[in-house]
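Peer 1: Provided herewith is a single structure, encoded as structure tokens, for subsequent inquiry.
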Amino acid sequence: MLKTAFFQGAVFLLLKFDSTDKSKTMEKLIFTREELYNLVWSEPMSRLAKKYNISDNGLRKICKKHSIPLPQLGYWQKIQYGYKVIKIKLPPITKDQGIINLRYRDEDGNYVEIEKSPKSILKEYLNNQKLPLKVSERLTNPDTLVVQAQNSLQSKKNERFIYNGFIETKSSELKIKVAPSNIPRALRFMDAFIKLLYARGHKIEYKHSRVNGLIYGVHFEFGLREKSTVTIISDPYPNRVYSPSGIFVFSSNPYSTKDWSDGKGLIEEKLLDILIYIELSCKRLSDIWAENDRKRQIELEAEQKRKELLARKQAELNAVADLLNQAIRLQQAKFMRDYVAFVSQNGKNNLNLNADLNDWISWAKHKIDWYDPLIQVEDDLLDDDDRKALVERLIKK
């Protein structure tokens, strides 16, 4: 069981070695709160606990910590016999707790961490015979980038560009800087490295006119150079003379720049260490970016909800203001009608009704009907904005 858990942990970080090998697939171990909620409501807790090799109580504690409701007693029996059941909704939480990591345990009950050290993952790589981990003694069927670099380095036109015993490729090509005598070795190593990336399903792309690797959406530069030795010549004046040392250095910078050089072993023997470091670094960066994107999305959604709430609030206030406006207008229309009726009756009583007064009464009744919120007849000069302006002017007074 420990061996199985170890393998699953390694595959989680580095994907599976052979996508066609169904025996190497594994259950998901990283969940969001909503994903775990859907999981515990998809099948019984005892079955899930067995699948992830943790206790029922342990899984319940994880759900309790993240405020995830669980099916009540008898829930699955009711489903089995066709009874209606109630699924408790996932309650909102005030503080986001990020992803949830389920872990496997060994036979002794000890937790086995998902993330393994590069040395542990190295063993998994060594057990896989399909990866091209050896640098060939001859350059066979080289990658197009390697052919391009070969043509550039071995071109007689570039011989005049040899400086301090070194020759290097152009900035738009594979980054190589070695002594002319070491060009074949450099090309074989770079060809092996590129083919290893392809074997793992990764890519090579141009970014900013430079050759970059691409792993988990992360671009990184890489290059090979030969160290130089320094000799002090003091004839007639002290002077430093640089010359090739034969020691190769491979550099890469997916997370931070790291060098691998000839030492106790040649860099040809360190292909696996190089790939592990680059993959883990790219995975780390990819996870950081994904987490930042997730947090930004949460912030954007919160901001959107805040704006929607403010918009709803403003719309509600506008509706109330309009209601108040109409109520005031209705009251004022009634007040004006009473006034016009009084003037009309007073004119009749005093026998003062004339053409001018009748015209004014007709004009006043029309304006009142225009102002009345329940009638609002059309007027040749005044519109709805004028109605509102009248109300505001009266309120200010």
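Chains: A, B, ... in order of the structure tokens. Residues: from 1 per chain. Ligands: from 1, in order shown.
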Could you give me, as a compact mmCIF listing (two decimals) with N, CA and C atoms, in the first residue's frame, each residue of stretch 197-396 of chain A that DSSP assigns to strand (DSSP E or B) when run on this structure's backbone?

Peer 2:
```
# COMPACT_ATOMS: atom_id res chain seq x y z
N LYS A 203 6.31 21.34 -24.49
CA LYS A 203 6.48 22.03 -25.77
C LYS A 203 7.72 22.92 -25.78
N ILE A 204 8.13 23.26 -26.99
CA ILE A 204 9.17 24.26 -27.22
C ILE A 204 8.54 25.37 -28.05
N GLU A 205 8.64 26.61 -27.57
CA GLU A 205 8.04 27.73 -28.28
C GLU A 205 9.00 28.92 -28.29
N TYR A 206 8.74 29.84 -29.20
CA TYR A 206 9.49 31.09 -29.23
C TYR A 206 8.74 32.13 -28.40
N LYS A 207 9.46 32.80 -27.54
CA LYS A 207 8.89 33.90 -26.76
C LYS A 207 9.92 35.02 -26.73
N ARG A 210 13.14 34.28 -28.53
CA ARG A 210 14.07 33.32 -27.93
C ARG A 210 13.39 31.96 -27.78
N VAL A 211 14.20 30.91 -27.83
CA VAL A 211 13.68 29.55 -27.67
C VAL A 211 13.34 29.31 -26.20
N ASN A 212 12.10 28.91 -25.94
CA ASN A 212 11.64 28.65 -24.57
C ASN A 212 10.99 27.28 -24.49
N GLY A 213 11.15 26.65 -23.33
CA GLY A 213 10.36 25.47 -23.03
C GLY A 213 9.03 25.91 -22.45
N LEU A 214 8.01 25.05 -22.53
CA LEU A 214 6.69 25.37 -22.01
C LEU A 214 6.15 24.16 -21.25
N ILE A 215 6.02 24.31 -19.93
CA ILE A 215 5.52 23.23 -19.07
C ILE A 215 4.45 23.81 -18.16
N VAL A 218 3.92 27.45 -18.22
CA VAL A 218 5.02 28.30 -17.76
C VAL A 218 6.17 28.25 -18.78
N HIS A 219 6.58 29.39 -19.30
CA HIS A 219 7.72 29.46 -20.20
C HIS A 219 9.02 29.56 -19.41
N PHE A 220 10.05 28.94 -19.91
CA PHE A 220 11.36 29.03 -19.26
C PHE A 220 12.46 28.96 -20.32
N PHE A 222 16.46 28.05 -21.38
CA PHE A 222 17.48 27.07 -21.03
C PHE A 222 18.64 27.23 -22.00
N GLY A 223 19.81 26.86 -21.55
CA GLY A 223 20.98 27.00 -22.40
C GLY A 223 22.16 26.19 -21.91
N LEU A 224 23.11 25.98 -22.80
CA LEU A 224 24.30 25.20 -22.49
C LEU A 224 25.54 26.04 -22.80
N ARG A 225 26.46 26.07 -21.86
CA ARG A 225 27.71 26.80 -22.08
C ARG A 225 28.87 25.98 -21.52
N GLU A 226 30.05 26.35 -21.96
CA GLU A 226 31.26 25.71 -21.46
C GLU A 226 32.01 26.70 -20.58
N LYS A 227 32.43 26.23 -19.41
CA LYS A 227 33.17 27.09 -18.50
C LYS A 227 34.52 27.46 -19.11
N SER A 228 35.01 28.57 -18.66
CA SER A 228 36.33 28.99 -19.13
C SER A 228 37.32 28.97 -17.98
N THR A 229 38.56 28.75 -18.31
CA THR A 229 39.64 28.84 -17.32
C THR A 229 40.35 30.17 -17.51
N VAL A 230 40.86 30.69 -16.42
CA VAL A 230 41.53 32.00 -16.45
C VAL A 230 43.01 31.81 -16.14
N THR A 231 43.83 32.32 -17.02
CA THR A 231 45.29 32.27 -16.82
C THR A 231 45.81 33.70 -16.76
N ILE A 232 46.61 33.97 -15.73
CA ILE A 232 47.19 35.31 -15.57
C ILE A 232 48.57 35.34 -16.25
N ILE A 233 48.69 36.19 -17.23
CA ILE A 233 49.97 36.37 -17.93
C ILE A 233 50.50 37.77 -17.58
N ASN A 239 47.76 40.27 -17.27
CA ASN A 239 46.62 40.17 -18.18
C ASN A 239 45.91 38.84 -17.98
N ARG A 240 44.59 38.85 -18.08
CA ARG A 240 43.80 37.61 -17.92
C ARG A 240 43.53 37.01 -19.29
N VAL A 241 43.79 35.75 -19.43
CA VAL A 241 43.55 35.02 -20.68
C VAL A 241 42.52 33.93 -20.40
N TYR A 242 41.42 33.98 -21.15
CA TYR A 242 40.36 32.99 -20.97
C TYR A 242 40.47 31.91 -22.04
N SER A 243 40.22 30.69 -21.63
CA SER A 243 40.27 29.56 -22.58
C SER A 243 39.26 28.50 -22.15
N PRO A 244 38.74 27.70 -23.09
CA PRO A 244 37.75 26.67 -22.76
C PRO A 244 38.31 25.66 -21.75
N SER A 245 37.43 25.20 -20.84
CA SER A 245 37.84 24.24 -19.81
C SER A 245 37.36 22.82 -20.10
N GLY A 246 36.41 22.68 -21.01
CA GLY A 246 35.84 21.36 -21.27
C GLY A 246 34.71 21.00 -20.32
N ILE A 247 34.44 21.86 -19.34
CA ILE A 247 33.38 21.61 -18.35
C ILE A 247 32.08 22.26 -18.84
N PHE A 248 31.06 21.45 -19.03
CA PHE A 248 29.76 21.95 -19.50
C PHE A 248 28.88 22.39 -18.33
N VAL A 249 28.09 23.44 -18.59
CA VAL A 249 27.12 23.93 -17.61
C VAL A 249 25.78 24.12 -18.32
N PHE A 250 24.75 23.47 -17.79
CA PHE A 250 23.39 23.64 -18.33
C PHE A 250 22.61 24.50 -17.35
N SER A 251 21.93 25.53 -17.86
CA SER A 251 21.18 26.46 -17.01
C SER A 251 19.72 26.51 -17.43
N SER A 252 18.85 26.74 -16.45
CA SER A 252 17.43 26.90 -16.72
C SER A 252 16.83 27.80 -15.66
N LYS A 258 19.02 27.97 -12.19
CA LYS A 258 19.78 26.89 -11.58
C LYS A 258 20.73 26.32 -12.61
N ASP A 259 21.94 25.96 -12.15
CA ASP A 259 22.96 25.39 -13.03
C ASP A 259 23.24 23.93 -12.67
N TRP A 260 23.51 23.14 -13.70
CA TRP A 260 24.00 21.78 -13.53
C TRP A 260 25.31 21.70 -14.33
N SER A 261 26.37 21.22 -13.73
CA SER A 261 27.66 21.21 -14.42
C SER A 261 28.35 19.87 -14.28
```

Peer 1: For A:Asn101, please output as a PyMOL selection string all residues within 7 Å (counting only C-alpha atoms; exclusion window: fewer than 5 positions along the same chain).

Peer 2: chain A and resi 29-31

Peer 1: Go ahead and write the selection's residues with N, CA and C atoms as a short mmCIF file (atom, residue, chain, number, x, y, z; two decimals), in the first residue's frame.

Peer 2:
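Output file selection31.cif is given in full below:
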```
data_model
loop_
_atom_site.label_atom_id
_atom_site.label_comp_id
_atom_site.auth_asym_id
_atom_site.auth_seq_id
_atom_site.Cartn_x
_atom_site.Cartn_y
_atom_site.Cartn_z
N LEU A 29 -7.20 14.17 -5.67
CA LEU A 29 -6.89 14.39 -4.27
C LEU A 29 -7.05 15.85 -3.86
N ILE A 30 -7.06 16.76 -4.82
CA ILE A 30 -7.19 18.18 -4.52
C ILE A 30 -8.60 18.63 -4.89
N PHE A 31 -9.32 19.22 -3.91
CA PHE A 31 -10.70 19.62 -4.13
C PHE A 31 -10.92 21.06 -3.70
#
```

Peer 1: Would you please give, as a PyMOL selection string, all residues of stretch 69-281 of chain A that DSSP assigns to helix (DSSP H, G or I) based on the backbone?

Peer 2: chain A and resi 75-80+118-126+144-153+156-161+180-199+267-281

Peer 1: For the selection just defined, write its residues with C-alpha atoms to a file, as an mmCIF file, in the first residue's frame.

Peer 2:
```
data_model
loop_
_atom_site.group_PDB
_atom_site.id
_atom_site.type_symbol
_atom_site.label_atom_id
_atom_site.label_comp_id
_atom_site.auth_asym_id
_atom_site.auth_seq_id
_atom_site.Cartn_x
_atom_site.Cartn_y
_atom_site.Cartn_z
ATOM 1 C CA TYR A 75 -30.266 9.102 3.150
ATOM 2 C CA TRP A 76 -28.720 6.447 0.888
ATOM 3 C CA GLN A 77 -31.271 3.770 1.885
ATOM 4 C CA LYS A 78 -34.091 6.119 0.866
ATOM 5 C CA ILE A 79 -32.437 6.674 -2.516
ATOM 6 C CA GLN A 80 -32.021 2.919 -2.936
ATOM 7 C CA PRO A 118 12.802 15.184 -6.312
ATOM 8 C CA LYS A 119 14.832 12.168 -5.167
ATOM 9 C CA SER A 120 11.640 10.188 -4.512
ATOM 10 C CA ILE A 121 10.203 11.103 -7.883
ATOM 11 C CA LEU A 122 13.533 10.157 -9.452
ATOM 12 C CA LYS A 123 12.883 6.523 -8.493
ATOM 13 C CA GLU A 124 9.564 6.608 -10.317
ATOM 14 C CA TYR A 125 11.270 7.919 -13.438
ATOM 15 C CA LEU A 126 13.919 5.222 -13.284
ATOM 16 C CA THR A 144 14.968 20.929 -36.178
ATOM 17 C CA LEU A 145 16.195 23.383 -33.520
ATOM 18 C CA VAL A 146 19.333 21.296 -33.084
ATOM 19 C CA VAL A 147 19.889 21.189 -36.854
ATOM 20 C CA GLN A 148 19.535 24.967 -36.940
ATOM 21 C CA ALA A 149 22.087 25.354 -34.144
ATOM 22 C CA GLN A 150 24.429 22.887 -35.846
ATOM 23 C CA ASN A 151 24.357 24.828 -39.101
ATOM 24 C CA SER A 152 25.023 28.041 -37.228
ATOM 25 C CA LEU A 153 27.893 26.712 -35.097
ATOM 26 C CA LYS A 156 32.652 28.559 -41.868
ATOM 27 C CA LYS A 157 31.217 32.066 -41.938
ATOM 28 C CA ASN A 158 31.042 32.013 -38.145
ATOM 29 C CA GLU A 159 34.641 30.957 -37.592
ATOM 30 C CA ARG A 160 35.669 34.598 -37.448
ATOM 31 C CA PHE A 161 33.273 35.065 -34.510
ATOM 32 C CA PRO A 180 34.395 24.388 -31.562
ATOM 33 C CA SER A 181 35.779 20.972 -30.620
ATOM 34 C CA ASN A 182 32.893 20.409 -28.194
ATOM 35 C CA ILE A 183 30.070 21.314 -30.595
ATOM 36 C CA PRO A 184 29.098 17.639 -31.279
ATOM 37 C CA ARG A 185 28.746 16.893 -27.557
ATOM 38 C CA ALA A 186 26.696 20.063 -26.979
ATOM 39 C CA LEU A 187 24.343 19.252 -29.852
ATOM 40 C CA ARG A 188 23.808 15.674 -28.654
ATOM 41 C CA PHE A 189 22.953 16.867 -25.148
ATOM 42 C CA MET A 190 20.540 19.559 -26.296
ATOM 43 C CA ASP A 191 18.881 17.119 -28.680
ATOM 44 C CA ALA A 192 18.408 14.625 -25.838
ATOM 45 C CA PHE A 193 16.966 17.322 -23.562
ATOM 46 C CA ILE A 194 14.466 18.524 -26.183
ATOM 47 C CA LYS A 195 13.352 14.974 -26.996
ATOM 48 C CA LEU A 196 12.905 14.279 -23.284
ATOM 49 C CA LEU A 197 10.628 17.324 -22.998
ATOM 50 C CA TYR A 198 8.578 16.108 -25.955
ATOM 51 C CA ALA A 199 8.371 12.616 -24.465
ATOM 52 C CA ILE A 267 25.645 16.572 -17.204
ATOM 53 C CA GLU A 268 24.586 13.766 -19.565
ATOM 54 C CA GLU A 269 23.979 11.721 -16.399
ATOM 55 C CA LYS A 270 21.890 14.512 -14.867
ATOM 56 C CA LEU A 271 19.125 14.730 -17.468
ATOM 57 C CA LEU A 272 16.607 13.310 -15.017
ATOM 58 C CA ASP A 273 17.564 15.690 -12.206
ATOM 59 C CA ILE A 274 17.274 18.601 -14.629
ATOM 60 C CA LEU A 275 13.832 17.569 -15.844
ATOM 61 C CA ILE A 276 12.538 16.953 -12.306
ATOM 62 C CA TYR A 277 13.680 20.381 -11.125
ATOM 63 C CA ILE A 278 12.188 22.150 -14.143
ATOM 64 C CA GLU A 279 8.870 20.299 -13.939
ATOM 65 C CA LEU A 280 8.485 20.896 -10.205
ATOM 66 C CA SER A 281 9.425 24.560 -10.579
#
```

Peer 1: Tell me which of A:Ser171, A:Val340, A:Leu330, A:Asn346 sits closest to A:Gln376, counting only C-alpha atoms.

Peer 2: A:Leu330

Peer 1: Give me the residues within 9 Å of A:Arg60 as a PyMOL selection string, counting only C-alpha atoms and dropping any in the same chain fewer than 6 places off.

Peer 2: chain A and resi 45+68+70

Peer 1: For A:Lys365, which residue among A:Val343, A:Ile88, A:Ile395, A:Ile288 is the nearest when counting only C-alpha atoms?

Peer 2: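 Counting only C-alpha atoms, the residue closest to A:Lys365 is A:Val343.
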
Peer 1: Quick one: residues within 10 Å of A:Val40, only C-alpha atoms counted, chain neighbours fewer than 6 positions away excluded, as a list of chain:residue names?

Peer 2: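 These residues fall inside the cut-off: A:Arg47, A:Leu48, A:Ala49, A:Leu59, A:Arg60, A:Cys63, A:Ile68, A:Pro69, A:Leu70, A:Pro71.
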
Peer 1: Write the residues you've just listed into a file as a tab-separated table (two decimals), in the first residue's frame, and include C-alpha atoms for each of them.

Peer 2:
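In the end it all went to result.tsv:
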```
chain	number	residue	atom	x	y	z
A	47	ARG	CA	-17.21	4.09	0.30
A	48	LEU	CA	-15.39	7.41	-0.05
A	49	ALA	CA	-13.34	6.76	3.08
A	59	LEU	CA	-13.48	12.71	6.29
A	60	ARG	CA	-16.31	14.04	8.46
A	63	CYS	CA	-16.21	18.47	5.96
A	68	ILE	CA	-19.83	21.19	4.33
A	69	PRO	CA	-23.20	19.55	5.24
A	70	LEU	CA	-23.42	15.76	5.07
A	71	PRO	CA	-26.31	13.41	4.19
```

Peer 1: Give me the residues near A:Thr32 as a PyMOL selection string, where near means some atom within 9 Å (using only C-alpha atoms) and where sequence neighbours in that chain fewer than 5 positions away do not count.

Peer 2: chain A and resi 37+98-101

Peer 1: Would you mind exporting the chosen residues as a PDB file, in the first residue's frame, restricted to C-alpha atoms?

Peer 2:
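Saved to again_29.pdb:
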```pdb
ATOM      1  CA  TYR A  37     -19.523  18.921  -1.198  1.00  0.00           C
ATOM      2  CA  GLY A  98      -8.693  27.560  -0.408  1.00  0.00           C
ATOM      3  CA  ILE A  99      -8.284  24.041  -1.752  1.00  0.00           C
ATOM      4  CA  ILE A 100      -8.798  20.846   0.262  1.00  0.00           C
ATOM      5  CA  ASN A 101      -6.093  18.203   0.124  1.00  0.00           C
TER       6      ASN A 101
END
```
